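K.L.:
Here you go, one structure.
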Amino acid sequence: QVQLVESGGGLVQPGGSLKLSCAVSINIFEFNDVGWFRQAPGKERELVATINVGARTDYADAVKGRFTISRDNAKNTVYLQMNNLRPEDTAVYYCRARILSRHTWGQGTQVTVSS
């Protein structure tokens, strides 16, 4: 069974940085893409960034220029580097791996941006 384990969340001041990690239990090339999503209280879960098997990346407009998704193939790990964080980035961040229409989710990691 595929497992995704996120880490790296926490409390940070506005303008600060965090780096999230998503460790995948199998070869990440088994997936069409791996992505980060987030869900703030009272809001729907939304896409943040994805990276596909060919290393193509895609970002939500709200995070372009501030967040960077990357992967370490040897470690089967996908990262989300978040810079210049804003209070509106506060949310639970989830990692998702996709094979066609089959999605596997991690348990989520809390990111709080507050002074």
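Letters A, B, ... go to the chains of the structure tokens in the order shown; residues in each chain start at 1; ligands are counted from 1 in the same order.
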Per DSSP on the backbone, filter stretch 16-113 of chain A down to the residues in helix (DSSP H, G or I) and report them as a ChimeraX atom specification.

P.N.:
/A:28-30,61-63,73-75,87-89

K.L.:
Fewer than 4 positions away in the same chain doesn't count, so skip those; otherwise give me all residues within 8 Å of A:Pro87, counting only C-alpha atoms, as a PyMOL selection string.

P.N.:
chain A and resi 14+112-114

K.L.:
Contacts of A:Val63 at 9 Å or less, counting only C-alpha atoms, minus same-chain residues fewer than 4 places along, as a list in words?

P.N.:
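The contact residues come out as Val48, Ala49, Tyr59, Phe67, Thr68, Met82 and Asp89 of chain A.
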
K.L.:
Store the residues of this selection in a file with C-alpha atoms, as a CSV table (one decimal), in the first residue's frame.

P.N.:
```
chain,number,residue,atom,x,y,z
A,48,VAL,CA,-0.8,24.6,-4.6
A,49,ALA,CA,1.7,23.0,-6.9
A,59,TYR,CA,1.6,26.4,-9.6
A,67,PHE,CA,6.8,28.6,-3.7
A,68,THR,CA,8.9,26.0,-5.5
A,82,MET,CA,7.7,28.3,0.6
A,89,ASP,CA,-1.0,30.8,3.4
```

K.L.:
Which is closest to A:Arg98 among A:Asn32, A:Gln81, A:Ser17, A:Gln3, if we use only C-alpha atoms?

P.N.:
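Looking only at the distances to A:Arg98, the closest residue turns out to be A:Asn32.
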
K.L.:
With distances taken over only C-alpha atoms, which residue among A:Asp33, A:Gln13, A:Val5, A:Ser25 lies nearest A:Ser101?

P.N.:
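For A:Ser101, the nearest of the candidates is A:Asp33.
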
K.L.:
Pick out the closest residue to A:Thr50 from this set: A:Ala23, A:Ala74, A:Ala97, A:Val2. Count only C-alpha atoms.

P.N.:
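Using only C-alpha atoms, the shortest distance to A:Thr50 belongs to A:Ala97.
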
K.L.:
Pick out the residues sitting within 9 Å of A:Gln107, and hand them over as a PyMOL selection string; count only C-alpha atoms, and ignore anything fewer than 2 positions along from it in its own chain.

P.N.:
chain A and resi 4-6+93-95+105+109

K.L.:
Which is closest to A:Phe31 among A:Asn83, A:Ser115, A:Asn76, A:Ser70, if we use only C-alpha atoms?

P.N.:
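The answer is A:Asn76, which sits nearest to A:Phe31.
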
K.L.:
Counting only C-alpha atoms, which of A:Ile51, A:Val34, A:Leu18, A:Val12 gets nearest to A:Arg102?

P.N.:
A:Val34

K.L.:
Using only C-alpha atoms, which of the listed residues (A:Gly15, A:Gly10, A:Gly106, A:Gly35) sits closest to A:Asn84?

P.N.:
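Looking at the shortest contact to A:Asn84, the residue is A:Gly15.
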
K.L.:
Report, in Å to a single decimal, how far apart atom CA of A:Arg56 and atom CA of A:Asp72 are.

P.N.:
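Result for atom CA of A:Asp72 versus atom CA of A:Arg56: 14.1 Å, one decimal.
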
K.L.:
Have a look at atom CA of A:Asp58 and atom CA of A:Leu11 and let me know their distance in Å, one decimal.

P.N.:
25.6 Å

K.L.:
Apply DSSP to the structure's backbone, then extract all residues of stretch 3-88 of chain A labelled strand (DSSP E or B) and return them as number ranges by chain.

P.N.:
A: 4-7, 10-12, 18-24, 33-39, 46-52, 57-59, 67-72, 77-82

K.L.:
How would the residues just picked look written out with N, CA and C atoms as a short mmCIF file (atom, residue, chain, number, x, y, z; two decimals), in the first residue's frame?

P.N.:
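Once written, out_33.cif looks like this:
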```cif
data_model
loop_
_atom_site.label_atom_id
_atom_site.label_comp_id
_atom_site.auth_asym_id
_atom_site.auth_seq_id
_atom_site.Cartn_x
_atom_site.Cartn_y
_atom_site.Cartn_z
N LEU A 4 2.17 8.19 2.00
CA LEU A 4 2.80 9.50 1.86
C LEU A 4 2.90 10.10 3.26
N VAL A 5 4.07 10.59 3.61
CA VAL A 5 4.28 11.16 4.93
C VAL A 5 4.84 12.58 4.76
N GLU A 6 4.03 13.57 5.20
CA GLU A 6 4.46 14.96 5.12
C GLU A 6 5.15 15.37 6.40
N SER A 7 6.05 16.34 6.27
CA SER A 7 6.71 16.92 7.43
C SER A 7 7.18 18.32 7.07
N GLY A 10 4.81 24.17 10.50
CA GLY A 10 5.08 24.86 11.76
C GLY A 10 4.55 26.26 11.75
N LEU A 11 5.00 27.03 12.75
CA LEU A 11 4.60 28.43 12.90
C LEU A 11 5.73 29.32 12.39
N VAL A 12 5.39 30.27 11.55
CA VAL A 12 6.40 31.18 10.99
C VAL A 12 5.81 32.57 10.89
N LEU A 18 9.45 28.25 4.95
CA LEU A 18 9.36 26.86 5.43
C LEU A 18 9.59 25.95 4.25
N LYS A 19 10.07 24.73 4.54
CA LYS A 19 10.23 23.73 3.48
C LYS A 19 9.51 22.47 3.92
N LEU A 20 8.51 22.08 3.15
CA LEU A 20 7.75 20.87 3.43
C LEU A 20 8.34 19.70 2.65
N SER A 21 8.23 18.52 3.25
CA SER A 21 8.70 17.30 2.60
C SER A 21 7.57 16.29 2.52
N CYS A 22 7.54 15.52 1.45
CA CYS A 22 6.57 14.44 1.27
C CYS A 22 7.35 13.19 0.88
N ALA A 23 7.48 12.27 1.82
CA ALA A 23 8.19 11.03 1.57
C ALA A 23 7.21 9.98 1.05
N VAL A 24 7.53 9.40 -0.10
CA VAL A 24 6.66 8.43 -0.76
C VAL A 24 7.24 7.03 -0.56
N ASP A 33 1.88 12.18 -11.36
CA ASP A 33 2.36 13.40 -10.75
C ASP A 33 2.20 13.33 -9.24
N VAL A 34 2.93 14.18 -8.56
CA VAL A 34 2.81 14.36 -7.11
C VAL A 34 2.61 15.85 -6.87
N GLY A 35 1.70 16.16 -5.97
CA GLY A 35 1.40 17.57 -5.76
C GLY A 35 1.15 17.93 -4.33
N TRP A 36 1.14 19.23 -4.08
CA TRP A 36 0.78 19.78 -2.78
C TRP A 36 -0.55 20.52 -2.90
N PHE A 37 -1.40 20.27 -1.94
CA PHE A 37 -2.68 20.94 -1.82
C PHE A 37 -2.75 21.55 -0.42
N ARG A 38 -3.68 22.46 -0.23
CA ARG A 38 -3.87 23.02 1.10
C ARG A 38 -5.34 23.28 1.36
N GLN A 39 -5.67 23.27 2.65
CA GLN A 39 -7.05 23.54 3.06
C GLN A 39 -7.03 24.42 4.29
N GLU A 46 -7.44 23.20 -2.01
CA GLU A 46 -7.05 23.78 -3.28
C GLU A 46 -5.64 23.33 -3.67
N LEU A 47 -5.43 23.32 -4.99
CA LEU A 47 -4.12 22.97 -5.51
C LEU A 47 -3.11 24.06 -5.21
N VAL A 48 -1.90 23.66 -4.81
CA VAL A 48 -0.81 24.60 -4.60
C VAL A 48 0.22 24.45 -5.71
N ALA A 49 0.71 23.22 -5.91
CA ALA A 49 1.73 22.98 -6.93
C ALA A 49 1.80 21.50 -7.24
N THR A 50 2.19 21.18 -8.46
CA THR A 50 2.39 19.79 -8.84
C THR A 50 3.69 19.65 -9.63
N ILE A 51 4.22 18.43 -9.63
CA ILE A 51 5.37 18.08 -10.46
C ILE A 51 5.08 16.72 -11.08
N ASN A 52 5.21 16.63 -12.42
CA ASN A 52 4.84 15.38 -13.05
C ASN A 52 6.08 14.50 -13.32
N THR A 57 6.45 21.41 -13.83
CA THR A 57 5.82 21.94 -12.62
C THR A 57 4.66 22.86 -12.97
N ASP A 58 3.72 22.97 -12.04
CA ASP A 58 2.58 23.83 -12.22
C ASP A 58 2.24 24.43 -10.87
N TYR A 59 1.83 25.70 -10.85
CA TYR A 59 1.58 26.41 -9.60
C TYR A 59 0.27 27.15 -9.64
N PHE A 67 6.65 30.05 -4.07
CA PHE A 67 6.79 28.62 -3.72
C PHE A 67 7.49 27.89 -4.87
N THR A 68 8.25 26.86 -4.50
CA THR A 68 8.93 26.03 -5.50
C THR A 68 8.76 24.56 -5.13
N ILE A 69 8.26 23.77 -6.07
CA ILE A 69 8.13 22.34 -5.87
C ILE A 69 9.31 21.65 -6.54
N SER A 70 9.84 20.64 -5.89
CA SER A 70 10.99 19.91 -6.43
C SER A 70 10.93 18.48 -5.92
N ARG A 71 11.83 17.65 -6.42
CA ARG A 71 11.85 16.26 -5.95
C ARG A 71 13.28 15.74 -5.92
N ASP A 72 13.48 14.76 -5.04
CA ASP A 72 14.74 14.02 -4.96
C ASP A 72 14.40 12.59 -5.34
N THR A 77 11.21 11.58 -2.57
CA THR A 77 10.68 12.66 -1.75
C THR A 77 10.40 13.89 -2.62
N VAL A 78 9.28 14.51 -2.38
CA VAL A 78 8.90 15.76 -3.05
C VAL A 78 8.88 16.87 -2.02
N TYR A 79 9.41 18.02 -2.39
CA TYR A 79 9.52 19.15 -1.47
C TYR A 79 8.68 20.32 -1.95
N LEU A 80 8.33 21.16 -1.00
CA LEU A 80 7.69 22.45 -1.31
C LEU A 80 8.43 23.52 -0.51
N GLN A 81 9.25 24.30 -1.20
CA GLN A 81 9.92 25.42 -0.57
C GLN A 81 9.00 26.63 -0.63
N MET A 82 8.69 27.17 0.54
CA MET A 82 7.75 28.29 0.63
C MET A 82 8.47 29.50 1.18
#
```
